[in-house]
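Participant: Structure provided below as structure tokens; questions to follow.
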Amino acid sequence: ITKLAKARKTQDPTHPGCVVYSIGSNGDFSFELGLQNEVGKGVCEFHIFDPGNFEHEKPKELKRAFYHRWGIEKETTTRGASWLGVDETYRGLIESVKLLGHEDLDVIDVFKIDCEKCEWRTYKDWLSDKIPLLHQIQVEVHDAPTAKEAGAIDFFDSFEEAGYLRFHKEPNIQWGSSCIEYAFVKVKKAFMRGKNSA
């Protein structure tokens, strides 16, 4: 990511270099700090989305980080006070990309999402041609829909058809067996076809 960011900025000084969308922080910024430690301070521009009022908890050492006080959902909506004690605003991913002026961005390098089941309603938007390419997707899935609903099967089939290779799977045993973390990376579709021809 560091080399790519440098090359992009050399080619276009207005390019942010590296862009990370982190959806669902719940006031925990360890993911962003960990990634910053790996690639270097200031290399990536972090966009953190959460409907809770956690902006004041954002660590000072986290550079180029922007907190957006809304969650991601299929459509724009406001929900009454939740366990967070505040009204929650949600926006669609396509709308969020437009609000941030990222619709012409070539790529979002890392798209991390932990949105407590919204993944089953929003994953088609992650693959839309109306947003920048998501190079790497890290998602925690919750309570997979039943086979009758076919949501989980379509979820994984859609990623494979779009050229996303699953390279990581880990149960989140801290919260029981219903939460599983997956990571996907975008590869050329020819690579995926080769995988299926063996």
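Identifiers in this document derive from the order of the structure tokens: chains are assigned A, B, ..., residues are numbered from 1 separately in each chain, and ligands are numbered from 1 in order of occurrence.
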Which polymer residues have any atom within 10 Å of an atom of Leu127 in chain A, counting only C-alpha atoms, with same-chain residues fewer than 6 positions away left out, as a list in words?
Facilitator: Leu133, Leu134, Ser158, Phe159, Ala162, Gly163 and Tyr164 of chain A
Participant: For the residues in the current selection, export N, CA, C and O atoms as an mmCIF file, in the first residue's frame.
Facilitator:
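Writing done, so here's result.cif:
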data_model
loop_
_atom_site.group_PDB
_atom_site.id
_atom_site.type_symbol
_atom_site.label_atom_id
_atom_site.label_comp_id
_atom_site.auth_asym_id
_atom_site.auth_seq_id
_atom_site.Cartn_x
_atom_site.Cartn_y
_atom_site.Cartn_z
ATOM 1 N N LEU A 133 -13.548 1.064 -6.964
ATOM 2 C CA LEU A 133 -13.219 -0.339 -6.739
ATOM 3 C C LEU A 133 -12.775 -0.526 -5.291
ATOM 4 O O LEU A 133 -11.976 0.257 -4.769
ATOM 5 N N LEU A 134 -13.296 -1.542 -4.637
ATOM 6 C CA LEU A 134 -12.842 -1.891 -3.294
ATOM 7 C C LEU A 134 -11.763 -2.957 -3.464
ATOM 8 O O LEU A 134 -12.058 -4.083 -3.857
ATOM 9 N N SER A 158 -21.678 -13.811 -5.142
ATOM 10 C CA SER A 158 -21.537 -12.474 -5.743
ATOM 11 C C SER A 158 -20.094 -11.995 -5.686
ATOM 12 O O SER A 158 -19.584 -11.418 -6.646
ATOM 13 N N PHE A 159 -19.432 -12.243 -4.560
ATOM 14 C CA PHE A 159 -18.029 -11.835 -4.450
ATOM 15 C C PHE A 159 -17.160 -12.613 -5.430
ATOM 16 O O PHE A 159 -16.299 -12.040 -6.100
ATOM 17 N N ALA A 162 -17.606 -11.420 -8.947
ATOM 18 C CA ALA A 162 -17.016 -10.087 -9.152
ATOM 19 C C ALA A 162 -15.489 -10.125 -9.097
ATOM 20 O O ALA A 162 -14.844 -9.094 -9.281
ATOM 21 N N GLY A 163 -14.907 -11.297 -8.848
ATOM 22 C CA GLY A 163 -13.451 -11.410 -8.843
ATOM 23 C C GLY A 163 -12.809 -11.191 -7.489
ATOM 24 O O GLY A 163 -11.647 -10.788 -7.405
ATOM 25 N N TYR A 164 -13.538 -11.470 -6.420
ATOM 26 C CA TYR A 164 -12.976 -11.337 -5.075
ATOM 27 C C TYR A 164 -12.612 -12.714 -4.528
ATOM 28 O O TYR A 164 -13.452 -13.615 -4.471
#
Participant: Counting only C-alpha atoms, which residues of range 93-198 of chain A fall within 12 Å of range 38-57 of chain A, and what is the closest atom pair for each with its distance in Å at one decimal, ordered by chain and rising number, as CSV?
Facilitator:
residue,atom,partner,partner_atom,distance
A:Leu93,CA,A:Phe49,CA,10.6
A:Ser96,CA,A:Phe49,CA,9.6
A:Val97,CA,A:His47,CA,10.5
A:Leu100,CA,A:His47,CA,9.3
A:His102,CA,A:His47,CA,11.1
A:Ile108,CA,A:Glu45,CA,9.9
A:Asp109,CA,A:Cys44,CA,9.0
A:Val110,CA,A:Phe46,CA,9.5
A:Phe111,CA,A:His47,CA,9.7
A:Lys112,CA,A:Ile48,CA,9.5
A:Ile113,CA,A:Phe49,CA,9.2
A:Asp114,CA,A:Asp50,CA,10.0
A:Cys115,CA,A:Asp50,CA,8.8
A:Glu116,CA,A:Asp50,CA,11.6
Participant: For CA of Val107 in chain A and CA of Thr77 in chain A, quote the distance in Å rounded to one decimal.
Facilitator: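 If I compute the distance from CA of Val107 in chain A to CA of Thr77 in chain A, I get 26.6 Å.
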Participant: Would you kindly return, as number ranges by chain, each protein, DNA or RNA residue with an atom no farther than 8 Å from any atom of Ile180 in chain A, considering only C-alpha atoms and excluding same-chain residues fewer than 6 positions away?
Facilitator: A: 140-142, 169-172
Participant: Store the residues of this selection in a file with N, CA and C atoms, as a PDB file, in the first residue's frame.
Facilitator:
ATOM      1  N   GLU A 140     -17.088  -8.558   8.996  1.00  0.00           N
ATOM      2  CA  GLU A 140     -17.558  -9.510   9.995  1.00  0.00           C
ATOM      3  C   GLU A 140     -19.023  -9.762   9.702  1.00  0.00           C
ATOM      4  N   VAL A 141     -19.361 -11.027   9.433  1.00  0.00           N
ATOM      5  CA  VAL A 141     -20.754 -11.381   9.177  1.00  0.00           C
ATOM      6  C   VAL A 141     -21.386 -11.865  10.475  1.00  0.00           C
ATOM      7  N   HIS A 142     -22.677 -11.605  10.590  1.00  0.00           N
ATOM      8  CA  HIS A 142     -23.425 -11.929  11.804  1.00  0.00           C
ATOM      9  C   HIS A 142     -24.670 -12.724  11.452  1.00  0.00           C
ATOM     10  N   LYS A 169     -10.475 -16.345   6.931  1.00  0.00           N
ATOM     11  CA  LYS A 169     -11.731 -16.638   7.635  1.00  0.00           C
ATOM     12  C   LYS A 169     -11.368 -16.938   9.079  1.00  0.00           C
ATOM     13  N   GLU A 170     -12.075 -16.280   9.984  1.00  0.00           N
ATOM     14  CA  GLU A 170     -11.774 -16.465  11.407  1.00  0.00           C
ATOM     15  C   GLU A 170     -13.023 -16.237  12.235  1.00  0.00           C
ATOM     16  N   PRO A 171     -13.403 -17.214  13.053  1.00  0.00           N
ATOM     17  CA  PRO A 171     -14.555 -16.975  13.933  1.00  0.00           C
ATOM     18  C   PRO A 171     -14.184 -15.974  15.019  1.00  0.00           C
ATOM     19  N   ASN A 172     -15.113 -15.095  15.315  1.00  0.00           N
ATOM     20  CA  ASN A 172     -14.905 -14.147  16.405  1.00  0.00           C
ATOM     21  C   ASN A 172     -15.452 -14.804  17.672  1.00  0.00           C
TER      22      ASN A 172
END
Participant: Would you mind writing down, as a list in words, each residue of range 92-155 of chain A that DSSP on the backbone assigns to strand (DSSP E)?
Facilitator: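 The strand (DSSP E) residues within range 92-155 of chain A come out as Val107, Ile108, Asp109, Val110, Phe111, Lys112, Ile113, Leu133, Leu134, His135, Gln136, Ile137, Gln138, Val139, Glu140, Val141 and His142 of chain A.
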Participant: Go ahead and write the selection's residues with C-alpha atoms as a short mmCIF file (atom, residue, chain, number, x, y, z; two decimals), in the first residue's frame.
Facilitator:
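What follows is the written file out_18.cif:
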data_model
loop_
_atom_site.label_atom_id
_atom_site.label_comp_id
_atom_site.auth_asym_id
_atom_site.auth_seq_id
_atom_site.Cartn_x
_atom_site.Cartn_y
_atom_site.Cartn_z
CA VAL A 107 -9.89 2.71 -5.61
CA ILE A 108 -10.65 2.34 -1.91
CA ASP A 109 -7.69 0.29 -0.74
CA VAL A 110 -9.26 -1.24 2.34
CA PHE A 111 -12.98 -1.46 3.06
CA LYS A 112 -13.53 -2.75 6.61
CA ILE A 113 -17.11 -3.23 7.77
CA LEU A 133 -13.22 -0.34 -6.74
CA LEU A 134 -12.84 -1.89 -3.29
CA HIS A 135 -9.42 -3.55 -3.46
CA GLN A 136 -9.65 -5.39 -0.16
CA ILE A 137 -12.83 -6.11 1.79
CA GLN A 138 -12.74 -7.11 5.45
CA VAL A 139 -16.16 -7.96 6.87
CA GLU A 140 -17.56 -9.51 10.00
CA VAL A 141 -20.75 -11.38 9.18
CA HIS A 142 -23.43 -11.93 11.80
#
Participant: Can you list, as number ranges by chain, every residue of chain A that DSSP puts in helix (DSSP H, G or I)?
Facilitator: A: 2-11, 30-39, 55-57, 93-99, 119-126, 151-161, 173-175, 189-197
Participant: For CA of Lys74 in chain A and CA of Arg91 in chain A, quote the distance in Å rounded to one decimal.
Facilitator: 7.2 Å
Participant: Measure the distance from CA of Asp12 in chain A to CA of Ala65 in chain A in Å and round it to one decimal.
Facilitator: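 So the answer is 20.8 Å.
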Participant: Between A:Lys130, A:Arg69, A:Arg166, A:Lys189, single out the one closest to Leu105 in chain A, counting only C-alpha atoms.
Facilitator: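 Selected residue with least distance to Leu105 in chain A: A:Lys130.
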